[in-house]
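As provided, input-v7.tsv (TSV, C-alpha atoms) reads as follows.
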chain	number	residue	atom	x	y	z
A	1	MET	CA	-13.46	22.13	9.89
A	2	THR	CA	-13.93	20.41	13.20
A	3	TYR	CA	-11.07	18.62	14.88
A	4	PHE	CA	-12.97	15.34	14.69
A	5	LYS	CA	-13.07	15.51	10.88
A	6	ILE	CA	-9.43	16.55	10.70
A	7	ILE	CA	-8.37	13.64	12.91
A	8	ASN	CA	-10.44	11.18	10.85
A	9	LEU	CA	-8.86	12.46	7.63
A	10	LEU	CA	-5.42	12.26	9.23
A	11	ILE	CA	-5.99	8.65	10.33
A	12	LEU	CA	-7.26	7.66	6.87
A	13	SER	CA	-4.26	9.30	5.23
A	14	VAL	CA	-1.81	7.55	7.56
A	15	LEU	CA	-3.48	4.20	6.83
A	16	GLY	CA	-3.33	4.98	3.10
A	17	ALA	CA	0.37	5.75	3.37
A	18	LEU	CA	1.07	2.52	5.22
A	19	LEU	CA	-0.92	0.49	2.70
A	20	SER	CA	0.84	2.17	-0.23
A	21	ILE	CA	4.27	1.49	1.25
A	22	THR	CA	3.25	-2.11	1.98
A	23	CYS	CA	2.04	-2.56	-1.61
A	24	SER	CA	5.30	-1.11	-2.84
A	25	VAL	CA	7.26	-3.71	-0.87
A	26	VAL	CA	4.99	-6.55	-2.03
A	27	PHE	CA	5.23	-5.55	-5.69
A	28	THR	CA	9.00	-5.18	-5.35
A	29	ILE	CA	9.17	-8.78	-4.15
A	30	CYS	CA	6.89	-9.86	-7.02
A	31	LYS	CA	9.01	-7.85	-9.50
A	32	ASN	CA	6.10	-5.82	-10.93
A	33	ASP	CA	7.95	-2.58	-11.65
A	34	TRP	CA	4.98	-0.54	-12.87
A	35	ALA	CA	2.94	-1.39	-9.79
A	36	VAL	CA	5.90	-0.40	-7.62
A	37	LEU	CA	6.06	2.96	-9.39
A	38	TRP	CA	2.34	3.64	-8.93
A	39	SER	CA	2.33	2.53	-5.30
A	40	PHE	CA	5.37	4.71	-4.57
A	41	LEU	CA	3.64	7.72	-6.18
A	42	SER	CA	0.53	6.94	-4.16
A	43	ALA	CA	2.60	6.90	-0.98
A	44	LEU	CA	4.13	10.27	-1.86
A	45	TYR	CA	0.75	11.92	-2.37
A	46	THR	CA	-0.60	10.31	0.79
A	47	LEU	CA	2.35	11.51	2.84
A	48	MET	CA	1.87	15.02	1.47
A	49	ASN	CA	-1.75	14.82	2.62
A	50	VAL	CA	-0.63	13.67	6.06
A	51	TYR	CA	1.85	16.55	6.28
A	52	LEU	CA	-0.64	19.24	5.29
A	53	ILE	CA	-3.39	17.85	7.52
A	54	SER	CA	-1.03	17.64	10.50
A	55	LEU	CA	0.03	21.25	9.93
A	56	GLU	CA	-3.62	22.25	9.84
A	57	TYR	CA	-4.32	20.29	13.03
A	58	ALA	CA	-1.40	21.96	14.80
A	59	GLU	CA	-2.60	25.34	13.46
A	60	LYS	CA	0.81	26.07	11.97
A	61	LEU	CA	-0.12	26.01	8.29
A	62	GLU	CA	0.14	29.77	7.84
A	63	TYR	CA	3.69	29.73	9.28
A	64	TYR	CA	5.01	27.26	6.72
A	65	TYR	CA	2.94	27.97	3.60
A	66	ASN	CA	1.46	31.06	2.02
A	67	LEU	CA	-1.36	31.29	-0.51
A	68	SER	CA	0.83	31.16	-3.61
A	69	ILE	CA	2.58	27.96	-2.53
A	70	LEU	CA	-0.74	26.28	-1.70
A	71	LYS	CA	-2.16	27.40	-5.04
A	72	ASN	CA	0.85	25.88	-6.82
A	73	ILE	CA	0.42	22.61	-4.91
A	74	ASN	CA	-3.28	22.66	-5.77
A	75	CYS	CA	-2.55	23.22	-9.47
A	76	PHE	CA	0.04	20.44	-9.51
A	77	ALA	CA	-2.32	18.04	-7.72
A	78	CYS	CA	-5.19	18.88	-10.08
A	79	ILE	CA	-3.08	18.30	-13.19
A	80	SER	CA	-1.71	15.10	-11.66
A	81	THR	CA	-5.22	13.86	-10.94
A	82	ILE	CA	-6.24	14.41	-14.56
A	83	CYS	CA	-3.11	12.68	-15.92
A	84	TYR	CA	-3.44	9.73	-13.56
A	85	THR	CA	-7.11	9.34	-14.42
A	86	PHE	CA	-6.22	9.15	-18.11
A	87	ALA	CA	-3.52	6.60	-17.30
A	88	LEU	CA	-6.11	4.58	-15.38
A	89	ILE	CA	-8.46	4.70	-18.36
A	90	TRP	CA	-5.62	3.49	-20.59
A	91	TYR	CA	-4.84	0.57	-18.26
A	92	ILE	CA	-8.52	-0.40	-18.12
A	93	PHE	CA	-8.70	-0.24	-21.93
A	94	GLU	CA	-5.67	-2.52	-22.24
A	95	ILE	CA	-7.09	-4.95	-19.69
A	96	ILE	CA	-10.43	-5.19	-21.50
A	97	TYR	CA	-9.17	-5.10	-25.09
A	98	TYR	CA	-6.28	-7.53	-24.69
A	99	ASN	CA	-8.06	-9.63	-22.03
A	100	MET	CA	-5.14	-9.40	-19.60
A	101	PRO	CA	-5.12	-11.92	-16.74
A	102	SER	CA	-4.66	-10.84	-13.14
A	103	LEU	CA	-2.22	-13.65	-12.41
A	104	PRO	CA	0.80	-14.06	-12.31
A	105	LEU	CA	1.33	-11.01	-10.15
A	106	ASN	CA	4.61	-9.97	-11.79
A	107	GLU	CA	2.75	-9.29	-15.08
A	108	SER	CA	-0.61	-8.27	-13.62
A	109	TYR	CA	-2.19	-5.28	-15.33
A	110	PRO	CA	-5.20	-5.21	-12.97
A	111	ALA	CA	-2.79	-4.74	-10.05
A	112	ILE	CA	-1.16	-1.84	-11.92
A	113	ALA	CA	-4.60	-0.35	-12.61
A	114	VAL	CA	-5.55	-0.57	-8.94
A	115	MET	CA	-2.40	1.23	-7.86
A	116	CYS	CA	-2.94	3.82	-10.60
A	117	PHE	CA	-6.44	4.36	-9.22
A	118	MET	CA	-5.09	4.80	-5.71
A	119	THR	CA	-2.58	7.37	-6.96
A	120	ALA	CA	-5.31	9.31	-8.75
A	121	ASN	CA	-7.47	9.06	-5.64
A	122	TRP	CA	-4.83	10.50	-3.31
A	123	ALA	CA	-3.95	13.22	-5.81
A	124	ALA	CA	-7.63	14.20	-5.87
A	125	VAL	CA	-7.70	14.24	-2.07
A	126	LEU	CA	-4.63	16.50	-2.12
A	127	THR	CA	-6.48	18.82	-4.50
A	128	ILE	CA	-9.47	18.97	-2.17
A	129	ILE	CA	-7.34	19.50	0.95
A	130	THR	CA	-5.27	22.30	-0.57
A	131	ARG	CA	-8.40	24.00	-1.89
A	132	ARG	CA	-9.93	23.91	1.59
A	133	GLN	CA	-6.72	25.21	3.13
A	134	ILE	CA	-6.51	28.03	0.58
A	135	LYS	CA	-10.01	29.10	1.60
A	136	MET	CA	-9.00	28.87	5.24
A	137	LEU	CA	-5.90	31.03	4.72
A	138	CYS	CA	-7.96	33.57	2.74
A	139	ASN	CA	-10.36	33.85	5.69
A	140	ILE	CA	-7.47	34.27	8.14
A	141	SER	CA	-5.86	36.98	6.00
A	142	ARG	CA	-9.15	38.92	5.87
A	143	TYR	CA	-9.14	39.26	9.62
A	144	PHE	CA	-5.66	40.77	9.67
A	145	LEU	CA	-6.24	43.33	6.89
What does this structure look like when you write it as structure tokens?
Amino acid sequence: MTYFKIINLLILSVLGALLSITCSVVFTICKNDWAVLWSFLSALYTLMNVYLISLEYAEKLEYYYNLSILKNINCFACISTICYTFALIWYIFEIIYYNMPSLPLNESYPAIAVMCFMTANWAAVLTIITRRQIKMLCNISRYFL
């Protein structure tokens, strides 16, 4: 992958982390505990993306992680993406079936659904990044065999 694409992905991930942390603070002030949980999880996945992308940019990924660890992270991220997508579907069902309002913000199910979507989104990005890095490490190990 070119450095331009890596830098763009790194910038987007840093912005996602900042927005997730900001949403976590806002929902803490509004006392919406479920939205705080989802925004905190989103920030964790985004920061993991930032960490792995920065290691790839610095070309130090193979020093810190081997294939088995990246495969475990990929498996965890894939399972998390599936679970968070089902949680998002559940929140959307509750919003539609019970006709939940978006205001007041401390009881807002649409806000929870948005943060659940962002968590599923960043978990999916983590799955894609680790899969790409597994392929990259497989190609590097072929050269040294």
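With CA of Cys75 in chain A on one side and CA of Ala124 in chain A on the other, the separation reads 11.0 Å.
Neighbouring residues of Ala77 in chain A at 10 Å or closer, counting only C-alpha atoms and skipping chain neighbours under 2 positions away, are Tyr45, Lys71, Asn72, Ile73, Asn74, Cys75, Ile79, Ser80, Thr81, Ile82, Cys83, Ala120, Trp122, Ala123, Ala124, Val125, Leu126, Thr127, Ile128 and Thr130 of chain A.
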The residues within 8 Å of (0.3, 9.4, -6.3), using all atoms listed in the file and the coordinates of the file, should be reported as a compact mmCIF listing (two decimals) with C-alpha atoms, keeping the file's coordinate frame; which are they?
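In the end it all went to part-v8.txt:
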# COMPACT_ATOMS: atom_id res chain seq x y z
CA TRP A 38 2.34 3.64 -8.93
CA SER A 39 2.33 2.53 -5.30
CA PHE A 40 5.37 4.71 -4.57
CA LEU A 41 3.64 7.72 -6.18
CA SER A 42 0.53 6.94 -4.16
CA ALA A 43 2.60 6.90 -0.98
CA LEU A 44 4.13 10.27 -1.86
CA TYR A 45 0.75 11.92 -2.37
CA THR A 46 -0.60 10.31 0.79
CA CYS A 116 -2.94 3.82 -10.60
CA MET A 118 -5.09 4.80 -5.71
CA THR A 119 -2.58 7.37 -6.96
CA ALA A 120 -5.31 9.31 -8.75
CA ASN A 121 -7.47 9.06 -5.64
CA TRP A 122 -4.83 10.50 -3.31
CA ALA A 123 -3.95 13.22 -5.81
One residue among A:Phe27, A:Trp90, A:Tyr51, A:Tyr57 is nearest to Ile7 in chain A when using only C-alpha atoms, and that residue is A:Tyr57
Using only C-alpha atoms, the shortest atom-to-atom distance to Gln133 in chain A among A:Phe76, A:Tyr65, A:Tyr84, A:Phe93 belongs to A:Tyr65
Residues within 12 Å of Ile11 in chain A, please, as a short mmCIF file (atom, residue, chain, number, x, y, z; two decimals) with C-alpha atoms, in the coordinates of the input. Count only C-alpha atoms; anything in the same chain fewer than 3 positions from it doesn't count.
data_model
loop_
_atom_site.label_atom_id
_atom_site.label_comp_id
_atom_site.auth_asym_id
_atom_site.auth_seq_id
_atom_site.Cartn_x
_atom_site.Cartn_y
_atom_site.Cartn_z
CA PHE A 4 -12.97 15.34 14.69
CA LYS A 5 -13.07 15.51 10.88
CA ILE A 6 -9.43 16.55 10.70
CA ILE A 7 -8.37 13.64 12.91
CA ASN A 8 -10.44 11.18 10.85
CA VAL A 14 -1.81 7.55 7.56
CA LEU A 15 -3.48 4.20 6.83
CA GLY A 16 -3.33 4.98 3.10
CA ALA A 17 0.37 5.75 3.37
CA LEU A 18 1.07 2.52 5.22
CA THR A 46 -0.60 10.31 0.79
CA LEU A 47 2.35 11.51 2.84
CA ASN A 49 -1.75 14.82 2.62
CA VAL A 50 -0.63 13.67 6.06
CA TYR A 51 1.85 16.55 6.28
CA ILE A 53 -3.39 17.85 7.52
CA SER A 54 -1.03 17.64 10.50
#
task = Find the spatial neighbours of Asn99 in chain A, counting all atoms listed in the file, within a cut-off of 12 Å - ignore same-chain residues fewer than 4 positions away - and output them as JSON, numbers by chain.
result = {"A": [91, 92, 93, 94, 95, 103, 108, 109, 110]}
